[in-house]
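Notes to accompany the following structure.
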Amino acid sequence: MSLLVIAACLAAGSLIGFMGGVLGIGGGLIAIPALVLLMGMSQQLAQGTALIMVLPAITMAVRKYNQQTRIDKRVAAAGAAGAVVFTWVGARLALGIDSSVLRRSFAVFLFFIAVFYVWQTWRAGRLAARRKSGDQHPHPASGKHAEKPAAPAFTPRRASVLGMLCGTLGGFFGVGGAVLAVPIITTVFRLSQTTAQALALSMVIPGSTIALITYGWAGQADWMVGVPLAIGSLLFVPVGVRLAYKLPERKLRASFALMLFATVALLAFES
């Protein structure tokens with residue numbers, strides 16, 4: 001591999017690491033379509049190569065998130081335990097299907113996640129506007145303001161179940177476990193966007209390790225490309241995480257949705 005290509009991978013890894021740190025996605029969603037489009041890799045090879053970059057990047061991101069707000073280690077560990085075996089199952093399934101089918105499946109999955117984020121951002125905007133205008137509807141029977149039901153606690157048992165689902169998707173698509181976990185945690189358990197991103201990334205680290213081993217064992221990981229991407233990514237993940245804590249939550253969600261739509265567009269172009 002030429003020095004020019006290595007330098008390009010370092011630069012690309014820096015940009016991907018920064019954006020992944022801001023959005024809490026580890027950068028894999030950006031790297032996979034880029035590897036397919038720019039380097040002509042199959043979907044499986046792109047997913048395996050992206051994991052080389054993603055694993056150290058998400059480890060660094062979790063460390064930086066934990067410095068900002070302490071992560072609930074019991075919940076994160078339970079989610080990670082649930083993800084490990086199911087990540088291997090998902091990776092084996094992905095290695096056994098046609099690359100174009102896998103790419104289209106990846107695009108469909110990301111599209112629906114992006115639509116959900118658009119809805120969530122729009123709903124948060126409406127609620128904020130209603131609170132600002134004082135437009136609160138009284139309870140029909142008592143005339144008092146209706147109280148919003150309390151959110152269920154995000155317990156280790158629930159985290160373990162979520163980890164199983166996210167592990168399967170993460171193994172099948174190389175990335176995606178955290179992308180699914182974040183909207184579930186913010187919507188069902190009503191945790192903040194940054195807390196959800198920190199927990200989701202913590203949960204997928206062991207599973208991502210299993211996925212990388214599985215893809216690598218099958219020869220579907222290019223280390224000469226993945227290592228420079230990882231080095232560049234590690235340099236800028238901390239910068240992205242610091243920015244994530246400064247951005248308004250609605251803008252962070254909207255940015256996440258836009259990134260997903262851009263990834264879907266790239267995948268459609270590749271098809």
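Chain lettering (A, B, ...) mirrors the order of the structure tokens, residue numbering begins at 1 for each chain separately, and ligand numbering begins at 1 in order of display.
Around Val85 in chain A, within 8 Å and counting only C-alpha atoms, the residues found are Met164, Gly167 and Gly207 of chain A, once anything fewer than 6 positions away on its own chain is removed.
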Per-residue nearest contacts of range 192-238 of chain A to range 11-34 of chain A (7 Å; only C-alpha atoms) as JSON lines:
{"residue": "A:Gln197", "atom": "CA", "partner": "A:Gly24", "partner_atom": "CA", "distance": 5.2}
{"residue": "A:Leu229", "atom": "CA", "partner": "A:Gly13", "partner_atom": "CA", "distance": 4.1}
{"residue": "A:Ala230", "atom": "CA", "partner": "A:Gly13", "partner_atom": "CA", "distance": 6.1}
{"residue": "A:Gly232", "atom": "CA", "partner": "A:Ser14", "partner_atom": "CA", "distance": 4.2}
{"residue": "A:Ser233", "atom": "CA", "partner": "A:Gly17", "partner_atom": "CA", "distance": 3.9}
{"residue": "A:Leu234", "atom": "CA", "partner": "A:Gly17", "partner_atom": "CA", "distance": 6.4}
{"residue": "A:Leu235", "atom": "CA", "partner": "A:Ser14", "partner_atom": "CA", "distance": 6.4}
{"residue": "A:Phe236", "atom": "CA", "partner": "A:Phe18", "partner_atom": "CA", "distance": 4.8}
{"residue": "A:Val237", "atom": "CA", "partner": "A:Gly17", "partner_atom": "CA", "distance": 4.7}
{"residue": "A:Pro238", "atom": "CA", "partner": "A:Gly21", "partner_atom": "CA", "distance": 6.7}
Practice item. Compile the contact shell of Leu95 in chain A as number ranges by chain: residues with an atom at most 7 Å away, counting only C-alpha atoms, same-chain residues fewer than 3 positions apart removed. Key: A: 44, 91-92
Practice item. Please give the complete set of residues from range 154-229 of chain A that DSSP, run on the backbone, assigns to alpha helix (DSSP H), formatted as a PyMOL selection string. Key: chain A and resi 156-173+177-188+193-217+223-229
Practice item. Counting only C-alpha atoms, figure out which residue out of A:Arg131, A:Arg157, A:Arg250, A:Lys64 gets nearest to Ser202 in chain A. Key: A:Lys64
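Residue nearest Arg103 in chain A within the list A:Val179, A:Val36, A:Val241, A:Met259: A:Val36 [criterion: smallest interatomic distance, only C-alpha atoms].
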Could you give me, as a short mmCIF file (atom, residue, chain, number, x, y, z; two decimals) with all heavy atoms, in the first residue's frame, the residues within 7 Å of Ser160 in chain A, counting only C-alpha atoms and dropping anything in the same chain fewer than 6 positions from it?
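Saved the output as out18.cif:
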data_model
loop_
_atom_site.label_atom_id
_atom_site.label_comp_id
_atom_site.auth_asym_id
_atom_site.auth_seq_id
_atom_site.Cartn_x
_atom_site.Cartn_y
_atom_site.Cartn_z
N ALA A 78 -24.43 -5.66 31.89
CA ALA A 78 -25.53 -6.58 31.57
C ALA A 78 -25.87 -6.53 30.09
O ALA A 78 -26.10 -7.57 29.45
CB ALA A 78 -26.75 -6.23 32.41
N GLY A 79 -25.91 -5.33 29.53
CA GLY A 79 -26.17 -5.19 28.10
C GLY A 79 -25.08 -5.84 27.26
O GLY A 79 -25.36 -6.51 26.25
N ALA A 81 -23.11 -8.32 28.17
CA ALA A 81 -23.21 -9.78 28.31
C ALA A 81 -24.30 -10.35 27.39
O ALA A 81 -24.12 -11.40 26.76
CB ALA A 81 -23.51 -10.14 29.76
N GLY A 82 -25.41 -9.63 27.30
CA GLY A 82 -26.49 -10.09 26.41
C GLY A 82 -26.10 -10.04 24.95
O GLY A 82 -26.59 -10.83 24.13
#
